[in-house]
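Engineer: My file is final-v7.txt. It has compact mmCIF, C-alpha atoms and all ligand atoms:
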# COMPACT_ATOMS: atom_id res chain seq x y z
CA MET A 1 -34.26 70.14 -250.41
CA LYS A 2 -33.65 73.17 -248.20
CA SER A 3 -31.28 75.72 -249.62
CA GLU A 4 -30.68 77.71 -246.45
CA MET A 5 -27.04 78.71 -246.11
CA SER A 6 -25.39 79.29 -242.76
CA ARG A 7 -23.23 82.23 -241.86
CA ASN A 8 -20.15 80.09 -242.55
CA GLY A 9 -21.31 79.20 -246.06
CA ALA A 10 -22.51 75.68 -245.26
CA ASN A 11 -25.34 74.32 -247.35
CA HIS A 12 -27.76 71.43 -247.01
CA HIS A 13 -26.06 68.19 -248.10
CA GLU A 14 -27.65 64.78 -248.65
CA ASN A 15 -26.01 61.34 -248.70
CA VAL A 16 -23.00 62.58 -246.79
CA ALA A 17 -20.32 60.04 -245.84
CA CYS A 18 -19.46 60.20 -242.16
CA PRO A 19 -15.76 59.89 -241.25
CA PHE A 20 -16.25 59.49 -237.49
CA CYS A 21 -16.06 55.70 -237.35
CA GLY A 22 -14.83 52.91 -239.58
CA ILE A 23 -18.15 51.92 -241.15
CA LEU A 24 -18.41 55.26 -242.99
CA CYS A 25 -22.22 55.46 -243.23
CA ASP A 26 -22.95 57.37 -246.44
CA ASP A 27 -26.58 58.36 -245.97
CA LEU A 28 -26.46 61.34 -243.63
CA ASP A 29 -28.23 64.64 -244.23
CA ILE A 30 -26.26 67.58 -242.91
CA GLY A 31 -27.54 71.13 -242.87
CA PRO A 32 -26.41 74.52 -241.67
CA SER A 33 -27.09 75.78 -238.19
CA GLY A 34 -25.94 79.25 -237.23
CA ASP A 35 -22.17 79.21 -237.50
CA GLY A 36 -22.01 75.45 -237.66
CA LEU A 37 -23.53 72.25 -239.01
CA LYS A 38 -26.45 70.14 -237.90
CA VAL A 39 -27.01 66.44 -238.50
CA LEU A 40 -30.58 66.35 -239.87
CA LYS A 41 -30.97 62.66 -240.70
CA ASN A 42 -29.28 59.33 -239.98
CA GLY A 43 -26.92 60.59 -237.32
CA CYS A 44 -25.67 58.95 -234.16
CA VAL A 45 -24.01 60.16 -231.03
CA LYS A 46 -20.55 60.04 -232.60
CA SER A 47 -21.48 61.73 -235.86
CA VAL A 48 -23.39 64.48 -234.05
CA ALA A 49 -20.35 65.15 -231.84
CA GLY A 50 -18.10 65.26 -234.91
CA PHE A 51 -20.16 67.23 -237.42
CA GLU A 52 -21.63 69.65 -234.88
CA ARG A 53 -18.31 70.54 -233.25
CA PRO A 54 -18.20 74.34 -233.57
CA LEU A 55 -15.80 75.76 -236.13
CA SER A 56 -12.81 77.35 -234.54
CA GLU A 57 -9.70 78.52 -236.35
CA PRO A 58 -6.89 79.02 -233.86
CA LYS A 59 -3.47 80.15 -235.03
CA PRO A 60 -0.55 77.75 -235.19
CA GLN A 61 1.78 77.95 -232.20
CA ILE A 62 5.41 77.47 -231.33
CA ASP A 63 6.02 76.85 -227.62
CA GLY A 64 2.43 77.96 -226.93
CA LYS A 65 2.77 81.32 -228.71
CA ASP A 66 0.79 82.22 -231.82
CA VAL A 67 2.77 82.28 -235.07
CA SER A 68 2.05 82.21 -238.78
CA LEU A 69 1.52 78.92 -240.60
CA ASP A 70 4.79 79.43 -242.51
CA GLU A 71 6.73 79.91 -239.27
CA ALA A 72 5.18 76.77 -237.76
CA ILE A 73 6.00 74.76 -240.90
CA THR A 74 9.60 75.99 -240.91
CA ALA A 75 9.98 75.08 -237.24
CA ALA A 76 8.46 71.62 -237.77
CA ALA A 77 10.77 70.95 -240.72
CA ARG A 78 13.80 72.00 -238.67
CA LEU A 79 12.83 69.66 -235.83
CA ILE A 80 12.44 66.74 -238.24
CA LYS A 81 15.75 67.56 -239.95
CA GLU A 82 17.57 67.62 -236.60
CA SER A 83 15.88 64.46 -235.30
CA ARG A 84 17.73 61.16 -235.22
CA LEU A 85 14.52 59.08 -235.21
CA PRO A 86 11.19 60.91 -235.56
CA VAL A 87 7.95 58.99 -235.01
CA PHE A 88 4.93 59.90 -237.12
CA GLY A 89 2.08 58.69 -234.93
CA GLY A 90 -1.65 59.10 -234.45
CA LEU A 91 -2.23 59.27 -238.22
CA GLY A 92 -5.90 60.16 -237.72
CA THR A 93 -6.45 61.47 -241.23
CA ASP A 94 -7.73 60.55 -244.70
CA VAL A 95 -5.99 58.84 -247.62
CA ASP A 96 -4.24 62.02 -248.80
CA GLY A 97 -3.08 62.76 -245.27
CA ILE A 98 -1.62 59.29 -244.82
CA ARG A 99 0.12 59.46 -248.19
CA ALA A 100 1.69 62.78 -247.19
CA ALA A 101 2.67 61.45 -243.74
CA ILE A 102 4.40 58.45 -245.30
CA ALA A 103 6.20 60.64 -247.85
CA LEU A 104 7.39 62.88 -245.01
CA ALA A 105 8.49 59.89 -242.92
CA GLU A 106 10.41 58.57 -245.91
CA LYS A 107 12.20 61.86 -246.46
CA GLY A 108 12.70 62.52 -242.74
CA GLY A 109 13.87 58.98 -241.97
CA GLY A 110 11.14 58.18 -239.44
CA VAL A 111 8.67 55.53 -238.31
CA VAL A 112 4.93 55.50 -239.10
CA ASP A 113 2.36 54.00 -236.73
CA HIS A 114 -1.36 54.61 -236.10
CA ALA A 115 -2.93 55.42 -232.70
CA LEU A 116 -5.09 52.28 -232.95
CA SER A 117 -2.44 49.91 -234.30
CA GLU A 118 -2.42 47.79 -231.18
CA GLY A 119 -5.98 46.69 -231.97
CA GLN A 120 -5.32 46.38 -235.70
CA TYR A 121 -2.38 44.08 -235.05
CA ARG A 122 -4.71 41.56 -233.40
CA ASN A 123 -6.01 41.15 -236.94
CA PHE A 124 -2.86 41.69 -238.99
CA ARG A 125 -1.02 38.86 -237.21
CA VAL A 126 -3.76 36.39 -238.13
CA LEU A 127 -4.02 37.61 -241.69
CA GLN A 128 -0.25 37.31 -242.08
CA ASN A 129 0.05 33.91 -240.37
CA SER A 130 -2.91 31.88 -241.52
CA GLY A 131 -5.38 33.97 -243.51
CA TRP A 132 -9.14 34.19 -243.12
CA VAL A 133 -12.49 34.28 -244.88
CA LEU A 134 -14.07 37.71 -244.45
CA THR A 135 -17.25 39.20 -245.80
CA THR A 136 -18.18 42.82 -246.43
CA LEU A 137 -20.75 45.08 -244.83
CA THR A 138 -22.92 44.83 -247.96
CA GLU A 139 -22.76 41.03 -248.17
CA ALA A 140 -23.57 40.67 -244.47
CA ARG A 141 -26.46 43.13 -244.73
CA ASN A 142 -27.99 41.35 -247.70
CA ARG A 143 -27.29 37.69 -247.08
CA ALA A 144 -26.69 36.80 -243.43
CA ASP A 145 -29.32 34.91 -241.44
CA LEU A 146 -27.12 34.41 -238.36
CA PHE A 147 -24.90 37.01 -236.71
CA ILE A 148 -22.61 36.07 -233.83
CA VAL A 149 -21.12 39.08 -232.06
CA ALA A 150 -17.90 37.87 -230.47
CA GLY A 151 -16.82 39.71 -227.32
CA SER A 152 -17.06 43.17 -228.86
CA ASP A 153 -19.18 46.13 -227.86
CA ILE A 154 -20.07 46.95 -231.45
CA HIS A 155 -22.80 49.43 -230.55
CA LYS A 156 -20.37 51.64 -228.65
CA LEU A 157 -17.75 51.66 -231.42
CA HIS A 158 -20.20 51.87 -234.34
CA PRO A 159 -23.56 53.20 -233.13
CA ARG A 160 -25.38 52.51 -236.43
CA PHE A 161 -23.95 49.10 -237.30
CA PHE A 162 -26.98 47.14 -236.09
CA GLU A 163 -29.45 49.60 -237.63
CA ARG A 164 -27.79 49.49 -241.06
CA ILE A 165 -26.40 45.99 -241.35
CA VAL A 166 -28.43 43.73 -239.04
CA CYS A 167 -31.89 45.25 -238.59
CA ASN A 168 -32.49 46.35 -242.22
CA GLU A 169 -35.98 45.24 -243.22
CA ALA A 170 -35.33 44.71 -246.94
CA SER A 171 -32.38 43.05 -248.59
CA MET A 172 -31.02 43.41 -252.13
CA PHE A 173 -32.67 40.08 -252.94
CA SER A 174 -36.03 40.35 -251.19
CA ASP A 175 -38.43 42.92 -249.79
CA ASN A 176 -39.42 40.37 -247.21
CA PRO A 177 -36.29 38.44 -246.29
CA PRO A 178 -36.29 35.79 -243.53
CA LYS A 179 -35.74 36.79 -239.92
CA ARG A 180 -32.27 36.81 -238.47
CA THR A 181 -30.83 35.31 -235.33
CA VAL A 182 -28.36 37.42 -233.40
CA VAL A 183 -26.12 35.76 -230.79
CA PHE A 184 -24.16 37.89 -228.35
CA LEU A 185 -21.19 35.77 -227.35
CA GLY A 186 -19.73 37.74 -224.47
CA GLU A 187 -20.52 39.56 -221.26
CA GLY A 188 -22.13 42.99 -220.94
CA LEU A 189 -22.52 43.66 -224.66
CA ASP A 190 -25.02 46.39 -225.55
CA GLN A 191 -27.97 44.73 -227.31
CA SER A 192 -30.26 47.76 -227.29
CA ALA A 193 -30.05 48.42 -231.04
CA VAL A 194 -31.08 44.90 -232.09
CA ALA A 195 -34.80 45.25 -232.68
CA GLY A 196 -37.38 45.38 -235.43
CA LYS A 197 -39.26 43.19 -237.87
CA ARG A 198 -36.14 41.58 -239.29
CA ILE A 199 -34.92 40.24 -235.96
CA GLY A 200 -35.97 36.77 -234.86
CA GLU A 201 -34.18 35.35 -231.84
CA VAL A 202 -31.64 37.30 -229.81
CA LEU A 203 -29.50 35.03 -227.65
CA THR A 204 -26.94 35.85 -225.01
CA ILE A 205 -24.12 33.47 -224.24
CA PRO A 206 -22.23 35.16 -221.43
CA ALA A 207 -18.74 33.93 -222.24
CA LYS A 208 -15.71 35.63 -220.76
CA ALA A 209 -14.03 37.49 -223.64
CA ASP A 210 -10.69 35.77 -223.10
CA ARG A 211 -12.38 32.32 -223.29
CA ILE A 212 -14.20 32.83 -226.59
CA ALA A 213 -11.30 31.17 -228.40
CA GLU A 214 -11.80 28.00 -226.31
CA ILE A 215 -15.47 27.90 -227.29
CA LEU A 216 -14.73 28.27 -230.98
CA ASP A 217 -11.92 25.73 -230.85
CA ALA A 218 -14.27 23.25 -229.12
CA MET A 219 -16.95 23.88 -231.73
CA ARG A 220 -14.40 23.32 -234.46
CA ALA A 221 -13.33 20.04 -232.90
CA MET A 222 -16.93 18.89 -232.39
CA ASN A 223 -17.74 19.76 -235.98
CA LYS A 224 -14.92 17.50 -237.12
CA GLY A 225 -16.29 14.71 -234.94
CA GLY A 226 -13.54 15.01 -232.33
CA ALA A 227 -14.11 14.15 -228.67
CA VAL A 228 -14.60 17.15 -226.39
CA SER A 229 -15.11 16.08 -222.80
CA GLY A 230 -16.74 17.79 -219.82
CA ASP A 231 -20.12 19.24 -218.86
CA THR A 232 -18.79 22.74 -219.29
CA ILE A 233 -16.75 24.37 -222.02
CA ALA A 234 -14.90 27.58 -221.20
CA GLY A 235 -17.13 28.01 -218.15
CA LEU A 236 -20.39 27.61 -220.12
CA PRO A 237 -22.80 24.68 -220.05
CA ARG A 238 -21.82 22.25 -222.78
CA ALA A 239 -25.39 22.34 -224.11
CA ALA A 240 -25.09 26.08 -224.89
CA VAL A 241 -21.99 25.46 -227.00
CA GLU A 242 -23.54 22.49 -228.77
CA ASP A 243 -26.64 24.56 -229.49
CA LEU A 244 -24.51 27.34 -230.98
CA LEU A 245 -22.71 24.85 -233.21
CA GLU A 246 -26.03 23.46 -234.45
CA ARG A 247 -27.20 26.98 -235.28
CA CYS A 248 -23.98 27.59 -237.22
CA LYS A 249 -24.42 24.36 -239.16
CA ALA A 250 -28.03 25.22 -239.98
CA ALA A 251 -27.37 28.81 -241.06
CA SER A 252 -27.50 29.58 -244.75
CA TYR A 253 -25.06 32.48 -244.29
CA GLY A 254 -23.51 32.94 -240.87
CA VAL A 255 -21.30 35.86 -239.90
CA ILE A 256 -19.07 36.22 -236.84
CA VAL A 257 -18.50 39.90 -236.07
CA TRP A 258 -15.74 41.25 -233.89
CA ALA A 259 -13.97 44.56 -233.34
CA PRO A 260 -10.29 44.19 -232.45
CA PRO A 261 -10.21 47.33 -230.25
CA SER A 262 -12.68 45.57 -227.91
CA LEU A 263 -10.47 42.51 -227.42
CA THR A 264 -8.17 44.07 -224.86
CA PHE A 265 -6.86 40.99 -223.06
CA PRO A 266 -3.39 39.44 -223.55
CA ASN A 267 -2.81 37.49 -226.78
CA ALA A 268 -6.21 38.49 -228.15
CA ASP A 269 -4.93 37.78 -231.66
CA LEU A 270 -5.42 34.10 -230.76
CA THR A 271 -9.15 34.81 -230.37
CA VAL A 272 -9.19 36.35 -233.85
CA GLN A 273 -7.34 33.27 -235.06
CA ALA A 274 -9.86 30.94 -233.40
CA ILE A 275 -12.72 32.85 -235.08
CA SER A 276 -10.95 32.66 -238.44
CA GLU A 277 -10.17 28.94 -238.16
CA PHE A 278 -13.74 28.13 -237.08
CA VAL A 279 -15.09 30.07 -240.05
CA LYS A 280 -12.81 28.12 -242.41
CA GLU A 281 -13.92 24.84 -240.85
CA ILE A 282 -17.66 25.46 -240.94
CA ASN A 283 -17.35 26.75 -244.51
CA LEU A 284 -16.67 23.20 -245.64
CA THR A 285 -20.32 22.33 -245.12
CA SER A 286 -22.10 25.67 -244.74
CA ARG A 287 -21.60 29.25 -245.81
CA PHE A 288 -19.90 31.37 -243.20
CA ALA A 289 -17.64 34.42 -242.95
CA GLY A 290 -15.98 36.73 -240.47
CA LEU A 291 -16.58 40.48 -240.36
CA SER A 292 -14.03 42.59 -238.56
CA LEU A 293 -15.06 46.08 -237.49
CA GLY A 294 -13.04 48.84 -235.80
CA GLY A 295 -11.02 51.04 -238.14
CA ASN A 296 -12.00 54.26 -236.40
CA ASP A 297 -9.95 57.49 -236.69
CA GLY A 298 -8.78 56.56 -240.16
CA ALA A 299 -7.10 53.34 -238.99
CA THR A 300 -8.29 51.35 -242.02
CA SER A 301 -7.14 54.05 -244.43
CA ALA A 302 -3.75 54.20 -242.67
CA GLY A 303 -3.26 50.42 -242.88
CA ALA A 304 -4.37 50.31 -246.53
CA VAL A 305 -2.24 53.22 -247.72
CA CYS A 306 0.82 52.03 -245.82
CA SER A 307 0.37 48.56 -247.36
CA TRP A 308 0.13 49.80 -250.90
CA GLN A 309 2.93 52.36 -250.47
CA SER A 310 5.45 50.23 -248.56
CA GLY A 311 4.20 46.65 -248.81
CA PHE A 312 3.66 46.56 -245.02
CA PRO A 313 0.72 47.47 -242.77
CA LEU A 314 2.09 50.29 -240.53
CA ARG A 315 4.94 50.09 -238.01
CA VAL A 316 7.31 50.77 -240.84
CA SER A 317 10.64 52.56 -240.38
CA TYR A 318 12.29 54.62 -243.10
CA ALA A 319 15.34 55.31 -240.93
CA ASP A 320 17.62 53.42 -243.33
CA GLY A 321 16.07 54.93 -246.44
CA THR A 322 13.96 51.89 -247.40
CA PRO A 323 10.82 50.51 -245.73
CA ASP A 324 11.78 48.31 -242.79
CA TYR A 325 8.88 46.46 -241.15
CA ASP A 326 8.78 45.23 -237.57
CA PRO A 327 5.41 45.16 -235.77
CA VAL A 328 7.08 44.92 -232.35
CA ARG A 329 10.15 47.17 -232.64
CA PHE A 330 8.39 49.92 -234.56
CA SER A 331 5.41 50.36 -232.26
CA ALA A 332 5.26 54.13 -231.61
CA THR A 333 4.50 53.54 -227.93
CA LYS A 334 7.47 51.23 -227.52
CA LEU A 335 9.85 53.60 -229.31
CA LEU A 336 8.71 56.47 -227.09
CA ASP A 337 8.82 54.44 -223.86
CA ALA A 338 12.30 53.16 -224.66
CA LYS A 339 13.43 56.69 -225.57
CA GLU A 340 14.62 55.44 -228.95
CA ALA A 341 12.60 58.12 -230.72
CA ASP A 342 13.63 61.74 -230.18
CA LEU A 343 10.69 63.52 -231.87
CA LEU A 344 6.97 62.80 -232.09
CA LEU A 345 4.75 64.21 -234.86
CA TRP A 346 1.18 63.39 -233.78
CA LEU A 347 -1.67 63.68 -236.27
CA SER A 348 -5.30 63.71 -235.12
CA SER A 349 -7.70 65.47 -237.47
CA PHE A 350 -11.03 63.79 -236.61
CA SER A 351 -11.24 64.60 -232.95
CA PRO A 352 -9.48 66.87 -230.46
CA ASP A 353 -10.05 64.21 -227.81
CA ILE A 354 -7.53 61.53 -228.77
CA PRO A 355 -4.64 62.09 -226.38
CA PRO A 356 -1.11 61.72 -227.69
CA PRO A 357 1.27 59.56 -225.68
CA ASP A 358 2.71 61.47 -222.73
CA THR A 359 6.34 62.06 -223.62
CA ASP A 360 9.03 64.55 -222.68
CA ILE A 361 10.65 64.56 -226.12
CA PRO A 362 9.79 67.47 -228.48
CA THR A 363 6.41 67.14 -230.17
CA ILE A 364 4.73 68.51 -233.29
CA PHE A 365 0.94 68.25 -233.15
CA LEU A 366 -1.21 68.51 -236.26
CA ALA A 367 -4.63 68.28 -234.71
CA ALA A 368 -8.24 69.41 -234.82
CA PRO A 369 -8.85 72.68 -232.95
CA GLY A 370 -9.52 72.18 -229.24
CA PHE A 371 -6.80 69.59 -229.01
CA LYS A 372 -5.43 69.22 -225.49
CA SER A 373 -2.29 67.60 -224.24
CA ALA A 374 -0.61 67.37 -220.87
CA ARG A 375 2.47 69.21 -222.19
CA THR A 376 2.81 72.18 -224.48
CA PRO A 377 3.95 70.95 -227.90
CA LYS A 378 6.99 72.51 -229.52
CA VAL A 379 4.86 73.14 -232.62
CA TYR A 380 1.07 73.02 -232.92
CA ILE A 381 -0.68 73.36 -236.27
CA PRO A 382 -4.49 73.17 -236.24
CA VAL A 383 -5.81 71.19 -239.22
CA GLY A 384 -9.25 70.68 -240.71
CA THR A 385 -11.34 67.54 -240.39
CA PRO A 386 -11.70 65.50 -243.60
CA GLY A 387 -15.34 65.34 -244.67
CA VAL A 388 -16.16 68.54 -242.79
CA ASP A 389 -13.58 71.25 -243.51
CA HIS A 390 -12.21 69.78 -246.71
CA ALA A 391 -12.96 67.01 -249.21
CA GLY A 392 -11.10 63.72 -249.10
CA THR A 393 -11.30 59.95 -249.39
CA MET A 394 -11.38 57.20 -246.78
CA VAL A 395 -11.21 53.43 -246.92
CA ARG A 396 -14.17 51.67 -245.24
CA VAL A 397 -13.49 49.14 -242.49
CA ASP A 398 -14.18 46.15 -244.76
CA ASN A 399 -11.42 47.39 -247.09
CA VAL A 400 -13.48 46.97 -250.26
CA VAL A 401 -14.52 50.54 -250.99
CA SER A 402 -13.09 54.01 -250.66
CA LEU A 403 -15.68 56.68 -250.06
CA PRO A 404 -15.45 60.31 -251.11
CA LEU A 405 -15.82 62.87 -248.33
CA LYS A 406 -17.34 66.28 -248.91
CA LYS A 407 -16.28 69.71 -247.78
CA LEU A 408 -19.35 70.85 -245.84
CA ARG A 409 -18.45 74.32 -244.63
CA GLN A 410 -16.15 77.25 -245.33
CA SER A 411 -13.08 76.90 -243.21
CA ASN A 412 -9.59 78.34 -243.36
CA LEU A 413 -8.09 75.32 -241.63
CA PRO A 414 -5.56 73.59 -243.89
CA SER A 415 -5.80 69.86 -244.52
CA ALA A 416 -3.22 67.63 -242.84
CA ALA A 417 -1.99 66.64 -246.32
CA ASP A 418 -1.34 70.29 -247.25
CA VAL A 419 0.62 70.92 -244.07
CA LEU A 420 2.63 67.70 -244.31
CA GLU A 421 3.50 68.38 -247.96
CA LYS A 422 4.70 71.87 -247.04
CA ILE A 423 6.82 70.49 -244.19
CA GLU A 424 8.31 67.95 -246.59
CA ALA A 425 9.09 70.68 -249.11
CA ALA A 426 10.85 72.67 -246.37
CA LEU A 427 13.05 69.77 -245.25
S1 LIG B 501 -22.13 54.75 -237.04
FE1 LIG B 501 -20.10 55.62 -237.46
S2 LIG B 501 -20.08 56.17 -239.63
FE2 LIG B 501 -22.22 55.80 -239.01
S3 LIG B 501 -23.01 57.84 -238.52
FE3 LIG B 501 -22.26 56.92 -236.60
S4 LIG B 501 -20.11 57.59 -236.42
FE4 LIG B 501 -20.76 57.97 -238.52
Just give me the structure as structure tokens.

Structural biologist:
Amino acid sequence: MKSEMSRNGANHHENVACPFCGILCDDLDIGPSGDGLKVLKNGCVKSVAGFERPLSEPKPQIDGKDVSLDEAITAAARLIKESRLPVFGGLGTDVDGIRAAIALAEKGGGVVDHALSEGQYRNFRVLQNSGWVLTTLTEARNRADLFIVAGSDIHKLHPRFFERIVCNEASMFSDNPPKRTVVFLGEGLDQSAVAGKRIGEVLTIPAKADRIAEILDAMRAMNKGGAVSGDTIAGLPRAAVEDLLERCKAASYGVIVWAPPSLTFPNADLTVQAISEFVKEINLTSRFAGLSLGGNDGATSAGAVCSWQSGFPLRVSYADGTPDYDPVRFSATKLLDAKEADLLLWLSSFSPDIPPPDTDIPTIFLAAPGFKSARTPKVYIPVGTPGVDHAGTMVRVDNVVSLPLKKLRQSNLPSAADVLEKIEAAL
């Protein structure tokens, strides 16, 4: 191993967990490079952008003017104290950061919601209403012989998913496992990463994303022996749907993969429900599971921590002193649009590029350096990135493991948790 140390004290690190998307790959090599970091092995476009972002340590600001951290914390606490209904949004942080945000929301009487909740709720509604059968990344990687990618551009959201989970040459159970079939059920999905010895057939079924539910419902009915009429189903030749059903029945371990952020059409939760119900149905005679991806920007950690702290998955209000859950009323966007909230604390520690909602109410931004917004925030406090500037923990998208994150370089940026705890103490 190299032992070169950069000017900022960074060392060479192996088996680093990457916090820049929900699948938290934990096999990266990161080394020093001048004042910064370099991804040496197992990177992707997202991880390179995240880890190699140059270190900058701007001062906190009030109304655009540099101040000390203590002054910024005092000002933030005063704003929260004076607020009737503060919203704690964004929540792009690690487990400690979410814990601290929820504690602050509880003390400040506010609402917590994540920047990517809209996508997450396509899943939560189904889980709450009817349940599902999901697998994990490890199970899928080691056991699946059929992957169906449902209407989701997985490669864009998770650039190494196919490399690590679908195209792996060996499995835990065999050095020479059987080939896999990969079906892209949807239009315009990037298939470029599906290649290699492990891959058998790659099929494209160009279904419109908002008609995937019809296809799965028809397959479910056909599997039960019900009558499904017509030469086409959801705009596809009937034979293509029948062929897909036969492949599902023949699979020894089939997996339907989707990413809720990709399903951006109205009532997309019904597509997640159709996937989940088909999986339950086909499981009666075969082995099948769903695999939901997404969970970027700490969304999975936020949902998990909020669930174990409050009993509810985000969109929780502490305005009355106890957790009050309403996935419609307590959407941060809705509260801001309806002018019900009078203060926004926006937290984005993984990337400076996630824009906060445009609002004319006072704002407190805890964000990675380089953060831009259309309006000058009342208070801006730059924070470090978990897994780069400080150690931490994150929950992986399949919700079965929490991975430790390393501090990779010397940085004076505080963690979001530190700042939030100090604001809470000053309330
Ligand atoms: S696929 Fe995601 S977790 Fe893996 S290296 Fe890329 S950004 Fe990081």

Engineer: If we count all atoms listed in the file and set the cut-off at 7 Å, which residues sit around range 62-78 of chain A, ignoring sequence neighbours fewer than 3 positions away in its own chain? Please answer as a PyMOL selection string.

Structural biologist: chain A and resi 59+81-82+364+376-381+422-423+426-427

Engineer: List as number ranges by chain the protein and nucleic acid residues near Phe173 in chain A, meaning an atom at most 10 Å away when all atoms listed in the file are counted, but skip any in the same chain fewer than 3 places from it.

Structural biologist: A: 142-143, 170, 176-177

Engineer: Rank nothing, just name the residue among A:Tyr121, A:Tyr253, A:Phe288, A:Phe20 nearest to His158 in chain A, using only C-alpha atoms.

Structural biologist: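 Nearest to His158 in chain A: A:Phe20.
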
Engineer: What's around Val383 in chain A at 8 Å? Count only C-alpha atoms, leave out sequence neighbours fewer than 2 positions away in its own chain, and write the answer as a list of chain:residue names.

Structural biologist: A:Ser349, A:Leu366, A:Ala367, A:Ala368, A:Pro369, A:Ile381, A:Thr385, A:Leu413, A:Pro414, A:Ser415, A:Ala416

Engineer: As an NGL selection string, please: the residues near Leu244 in chain A (cut-off 12 Å, only C-alpha atoms, same-chain neighbours under 3 positions excluded).

Structural biologist: :A and (146-148 or 181-185 or 203-205 or 215-216 or 218-220 or 222-223 or 236-241 or 247-251 or 254 or 256)

Engineer: Within 9 Å of Thr271 in chain A, counting only C-alpha atoms, which residues qualify if same-chain residues fewer than 4 places away don't, as a PyMOL selection string?

Structural biologist: chain A and resi 122+209-214+216+263+267+275-276

Engineer: From the options A:Ile199, A:Ala100, A:Val257, A:Leu28, which residue's atoms come nearest to ligand LIG 501 (chain B), counting all atoms listed in the file?

Structural biologist: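 So, comparing all the options, the nearest one is A:Leu28.
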
Engineer: Enter the distance from CA of Cys44 in chain A to CA of Ile30 in chain A, in Å, rounded to one decimal.

Structural biologist: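 Those two atoms sit 12.3 Å apart.
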
Engineer: Check the smallest atom-to-atom distance from each of A:Gly200, A:Gly294, A:Pro86, A:Pro327 to ligand LIG 501 (chain B) using only C-alpha atoms and all ligand atoms, then report the winner.

Structural biologist: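 Checking each of A:Gly200, A:Gly294, A:Pro86, A:Pro327 against ligand LIG 501 (chain B), counting only C-alpha atoms and all ligand atoms, the winner is A:Gly294.
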
Engineer: Could I get the residue neighbourhood of ligand LIG 501 (chain B) at 7 Å, counting all atoms listed in the file, as a JSON list (two decimals) with C-alpha atoms, in the coordinates of the input?

Structural biologist:
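Result written to selection-v7.json:
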[["chain", "number", "residue", "atom", "x", "y", "z"],
["A", 18, "CYS", "CA", -19.46, 60.20, -242.16],
["A", 19, "PRO", "CA", -15.76, 59.89, -241.25],
["A", 20, "PHE", "CA", -16.25, 59.49, -237.49],
["A", 21, "CYS", "CA", -16.06, 55.70, -237.35],
["A", 22, "GLY", "CA", -14.83, 52.91, -239.58],
["A", 23, "ILE", "CA", -18.15, 51.92, -241.15],
["A", 24, "LEU", "CA", -18.41, 55.26, -242.99],
["A", 25, "CYS", "CA", -22.22, 55.46, -243.23],
["A", 42, "ASN", "CA", -29.28, 59.33, -239.98],
["A", 43, "GLY", "CA", -26.92, 60.59, -237.32],
["A", 44, "CYS", "CA", -25.67, 58.95, -234.16],
["A", 45, "VAL", "CA", -24.01, 60.16, -231.03],
["A", 46, "LYS", "CA", -20.55, 60.04, -232.60],
["A", 47, "SER", "CA", -21.48, 61.73, -235.86],
["A", 158, "HIS", "CA", -20.20, 51.87, -234.34],
["A", 159, "PRO", "CA", -23.56, 53.20, -233.13],
["A", 160, "ARG", "CA", -25.38, 52.51, -236.43],
["A", 161, "PHE", "CA", -23.95, 49.10, -237.30]]

Engineer: Please indicate the distance in Å from CA of Lys372 in chain A to CA of Phe350 in chain A, rounded to one decimal place.

Structural biologist: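 Atom-to-atom, CA of Lys372 in chain A to CA of Phe350 in chain A, that is 13.6 Å.
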
Engineer: Calculate how many Å separate CA of Ala302 in chain A from CA of Ala268 in chain A, rounding to one decimal.

Structural biologist: 21.5 Å

Engineer: Nearest to Pro355 in chain A: which of A:Ala234, A:Leu189, A:Leu116, A:Val16 is it, counting only C-alpha atoms?

Structural biologist: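 Ranking A:Ala234, A:Leu189, A:Leu116, A:Val16 by distance to Pro355 in chain A, first place goes to A:Leu116.
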
Engineer: Given 8 Å of margin on each side, can you work out the centre and size in Å (one decimal) of an axis-aligned box holding every listed atom of range 150-159 of chain A, as AutoDock Vina command-line options?

Structural biologist:
--center_x -20.2 --center_y 45.5 --center_z -230.8 --size_x 22.7 --size_y 31.3 --size_z 23.0

Engineer: With distances taken over only C-alpha atoms, which of A:Ala105, A:Val126, A:Leu336, A:Ala274 is nearest to Val316 in chain A?

Structural biologist: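 Ranking A:Ala105, A:Val126, A:Leu336, A:Ala274 by distance to Val316 in chain A, first place goes to A:Ala105.
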
Engineer: A:Arg329, A:Lys208, A:Lys107, A:Lys334: which is nearest Gly186 in chain A, counting all atoms listed in the file?

Structural biologist: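 With all atoms listed in the file as the atom set, the closest residue is A:Lys208.
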